[in-house]
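One structure is given below, encoded as structure tokens.
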Amino acid sequence: MQNQDPLSCLKGVGGKTATLFSKLGVETLGQLIRYYPRDYDHFEAPEAVQDLIPGKIMAVRACVIGAPSLVRAKGMAIAHCNVGDVTGTMRMTWFRMPYIRNVLKPGRFYIFRGMVKGAGGKPVMEHPRLFSEEEYLALSGTWQPKYPLTTGVTNHMVQKCVRQALQSLSIQDPLSPGLLSQYRLIGLEQALYLIHFPSGAQDVQAARRRLAFDEFLTFLVQIKRQKILNEAVIVERPLSAVQETEQLIASLPYELTGAQRRVWKEIEKDLQRHVAMNRLVQGDVGSGKTILAFLALLMCSANDRQSCLMAPTEVLARQHFDALQRMAKDFCLPVHPVLLIGSMTARQKKEVQNLIASGAADVVIGTHALIQEKVSYRDLALVVTDEQHRFGVRQRETLADKGNGVHVLVMSATPIPRTLAIVLYGDLQVSVLDEMPKSRLPIKNCVVDTSFRKKAYAFIQAQVDAGRQAYVICPMVEEGEMEGVENVLDYTEKLKAAMPDKIRIAALHGKMKAAQKQQIMEDFSAHRLDVLVSTTVIEVGIDVPNATVMLVENAERFGLAQLHQLRGRVGRGRQQSFCIFMTGDDSGANNRRLDILNRSNDGFFIANEDLKLRGPGDLFGIRQSGALDFAIGDIYQDSDVLLLAGELADRVLSGEVVLPEEEMGLFQKGIDYRTI
Ligand code: ADP
Ligand code: MG
């Protein structure tokens with residue numbers, strides 16, 4: 001069998017199953033063997049009741065004490081059962097599994113496995129998996145892969161199919177035995193086998209190392225080639241430096257920081273050259289990247305050329321558009337911006353496209369999909385992308401296709417240490433904005449448990465009374481299967497009930513219609529709302545300097561980098577700002593993690609500390625949301641592998657090492673460099 005063969009080649013897989021798998025993005029055998037587990041079940045030796053640790057997934061061997069009871073709440077059957085051993089007793093709870101009552105026999109021992117929680121000093125488990133002693137013994141010591149699933153596809157099905165596929169494919173290793181030993185890597189076939197069916201942590205680590213290496217290598221060879229191509233892109237009509245940018249800088253209500261001034265000079269110089277600019281501006285949230293983009297757009301306009309600014313979300317695109325339009329009006333700038341986003345009607349879009357094609361509009365601001373696909377420019381000189389980490393490498397490439405000799409400027413808040421940035425952004429020049437505007441006061445942070453909620457509400461109320469605004473972040477949109485996790489819809493009602501009527505509260509989340517989202521953001525921006533309860537849709541780029549409080553519910557559910565991005569929504573004005581991280585889980589490990597945020601407001605420091613805490617043992621920890629995302633490689637955790645792959649990529653480019661390019665998917669359009 002071949003990589004490209006459809007799943008239906010496998011025994012026991014019919015058309016129906018194949019359709020279900022295609023929902024997971026798996027259509028061919030090649031895709032199936034690269035459908036990696038998201039975690040593993042370990043089946044470690046069961047513990048005694050007194051040794052259970054809240055916050056961990058553990059197994060306990062215990063005896064059923066008395067008959068299980070059944071209650072109904074919110075239309076749901078909830079079964080409770082007391083169990084124990086010589087060291088203590090505890091309670092087990094199951095939701096929507098009334099039949100469990102008939103399964104559990106009082107006086108018998110079972111193995112229960114699940115998340116341990118604490119309630120009044122006693123351990124409890126919600127919805128544990130139940131095993132007979134014999135069943136558990138058979139599993140113990142093995143690692144069972146856990147796959148991302150969809151309705152109709154069970155974990156067992158995926159396991160069976162993967163096993164069959166691995167047996168029937170002949171897997172060619174693109175790396176020679178010599179290279180494998182030089183870079184201390186295991187063979188590809190072995191790596192694929194071990195990532196699905198490891199017998200322990202070491203297997204997973206070795207497999208991950210190899211698979212991450214391949215992923216990084218493919219990526220790096222590609223961007224290094226891109227760099228060579230970039231350097232050959234000749235700009236026929238370079239831009240000239242203009243007065244207007246100096247005038248704008250002089251009219252701003254604030255002074256540029258030294259770093260902003262330095263980076264602007266770098267950009268201005270690039271734009272005057274005969275070689276196309278490819279520059280990344282990296283700066284922590286709030287360091288003031290937007291104004292640099294505006295200056296570059298203005299420089300194009302003053303040269304009678306066109307430019308565009310792409311944002312990852314509609315909300316952000318509109319915010320940039322409004323800000324530029326306001327500036328153009330206030331300071332009489334020679335820019336004619338237009339907005340292009342998906343929620344506009346077909347007619348509006350057509351109109352805007354005509355304005356761009358004729359040259360009547362010179363700055364186009366929009367979401368990246370729209371700008372890339374549908375627009376033909378009269379005279380494009382510059383493309384700016386904001387919050388670059390949201391875009392993958394592929395997008396970087398298509399940009400270059402857009403026009404000949406077009407300058408490219410990307411802006412990112414992803415805190416990537418310099419050594420890694422040089423490799424990852426090998427196709428770009430990197431400028432670092434390493435200075436915050438002086439008028440800012442550092443954000444005050446605290447990490448608290450839910451007993452603090454009343455005080456937090458009183459605090460928000462006081463800030464609102466003083467004329468400020470607040471964000472509250474919940475992990476979910478609506479009530480779901482996860483217990484004890486706050487959701488935006490219910491929370492908004494709860495908060496409205498808890499606060500005086502005069503406080504204007506609204507909900508914002510990703511499932512809303514674009515126009516509705518827009519309206520709410522506008523209302524919040526214009527201070528027609530006081531408190532915004534939201535999911536992480538506000539994570540990127542939103543700028544409302546009057547907002548001074550951020551309360552994050554279930555902070556334990558977010559990665560540190562993401563929490564840092566979220567926190568970046570406050571502390572943007574002159575007022576003191578506050579960030580309250582509220583956790584629903586008071587385990588020590590979590591508090592230590594969140595304490596990093598408490599101690600520092602510096603994104604680079606946080607990324608580094610997070611990395612240290614996670615350590616190499618944490619195979620599938622919380623992903624650094626917001627960082628360049630690969631299918632298996634993690635630029636922080638696997639930074640050593642990344643650097644090694646960079647070295648081999650150089651040898652490939654110099655011609656010293658030759659790889660079977662097609663097999664590695666090198667330079668094929670449509671390759672998936674997972675963007676978020
Ligand atoms: P980010 O780097 O996160 O994109 P923004 O460009 O959105 O940050 O800037 C954050 C806020 O700081 C904005 O309200 C902006 O007007 C303001 N700002 C930018 N530069 C300065 C400065 N040098 N001094 C004071 N405020 C500034
Ligand atoms: Mg920004």
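Just so we're on the same page: first chain in the structure tokens is A, next is B, and so on; residues restart at 1 for each chain, and ligands are numbered from 1 in the order they show up.
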
> Given a cut-off of 10 Å, what residues near ligand 2 show up using only C-alpha atoms and all ligand atoms, put as a PyMOL selection string?
Replying inline: chain A and resi 283-291+293+311+316+320+386-387+411-413+540-543+568-569

> Among range 323-521 of chain A, which residues carry a DSSP assignment of alpha helix (DSSP H), reported as a PyMOL selection string?
Replying inline: chain A and resi 323-330+346-358+368-374+393-402+418-424+453-465+488-498+514-521

>> Among range 460-580 of chain A, which residues does DSSP mark as strand (DSSP E) when it is run on the backbone? Keep the chain and numbering as in the structure and answer as JSON, numbers by chain.
In response: {"A": [469, 470, 471, 472, 473, 505, 506, 507, 508, 531, 532, 533, 534, 547, 548, 549, 550, 551, 552, 578, 579, 580]}

> For ligand 1, which residue among A:Leu175, A:Met97, A:Met344, A:Leu252 is the nearest when counting only C-alpha atoms and all ligand atoms?
Replying inline: A:Leu252

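Reported to one decimal place, the separation of CA of Asp41 in chain A from CA of Ile100 in chain A is 22.3 Å.
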
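Candidate residues A:Pro500, A:Gly366, A:Pro660, A:Pro253 were compared for distance to ligand 1, and the nearest is A:Pro253, using only C-alpha atoms and all ligand atoms.
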
>> Nearest residue to ligand 1 out of A:Leu420, A:Leu324, A:Leu29, A:Val408, using only C-alpha atoms and all ligand atoms?
In response: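 Smallest distance to ligand 1 is found for A:Leu324.
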
> Using only C-alpha atoms, which of A:Arg651, A:His407, A:His368, A:Arg237 sits nearest Asp304 in chain A?
Replying inline: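 Checking each of A:Arg651, A:His407, A:His368, A:Arg237 against Asp304 in chain A, counting only C-alpha atoms, the winner is A:Arg237.
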
> Smallest atom-to-atom distance to ligand 1: which of A:Ser301, A:Gln272, A:Gln562, A:Gln260, using only C-alpha atoms and all ligand atoms?
Replying inline: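 Smallest separation from ligand 1 among the options: A:Gln260.
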
> If you measure from CA of Gly633 in chain A to CA of Pro198 in chain A, what distance in Å do you get, rounded to one decimal?
Replying inline: 17.7 Å

> For ligand 1, which residue among A:Cys300, A:Val652, A:Val432, A:Met277 is the nearest when counting only C-alpha atoms and all ligand atoms?
Replying inline: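 The closest residue to ligand 1 is A:Val432.
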
> Could you name the residues that touch Ala191 in chain A at 9 Å or less, counting only C-alpha atoms, but leaving out those on the same chain fewer than 4 positions away, as a list in words?
Replying inline: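 Result of the neighbour search: Ile186, Gly187, Ile195, His196, Asp203, Val204, Ala206, Ala207, Arg208, Arg209, Arg210 and Leu211 of chain A.
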
Can I get the selected residues back with C-alpha atoms, as a PDB file, in the first residue's frame?
ATOM      1  CA  ILE A 186      15.782   7.142  15.452  1.00  0.00           C
ATOM      2  CA  GLY A 187      14.510   5.868  12.094  1.00  0.00           C
ATOM      3  CA  ILE A 195       4.546   7.758  18.762  1.00  0.00           C
ATOM      4  CA  HIS A 196       1.384   5.675  18.472  1.00  0.00           C
ATOM      5  CA  ASP A 203       9.772   5.987  23.570  1.00  0.00           C
ATOM      6  CA  VAL A 204       7.566   9.032  23.195  1.00  0.00           C
ATOM      7  CA  ALA A 206      12.641   9.610  21.055  1.00  0.00           C
ATOM      8  CA  ALA A 207       9.746   9.524  18.600  1.00  0.00           C
ATOM      9  CA  ARG A 208       8.848  13.163  19.152  1.00  0.00           C
ATOM     10  CA  ARG A 209      12.442  14.207  18.690  1.00  0.00           C
ATOM     11  CA  ARG A 210      12.618  12.517  15.312  1.00  0.00           C
ATOM     12  CA  LEU A 211       9.240  13.690  14.052  1.00  0.00           C
TER      13      LEU A 211
END

>> as an MDAnalysis selection string, please: the residues near Trp143 in chain A (cut-off 9 Å, only C-alpha atoms, same-chain neighbours under 2 positions excluded).
In response: chainID A and resid 40:43 139:141 145 197:201

> Skipping near chain neighbours, those fewer than 5 positions away, what residues fall within 10 Å of Pro46 in chain A using only C-alpha atoms, listed as a list in words?
Replying inline: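 Neighbouring residues, sequence-local ones excluded: Asp51, Leu52, Met58, Ala59, Val60, Arg61, Ala62, Ile111, Phe112, Arg113, Tyr136, Leu137 and Ser140 of chain A.
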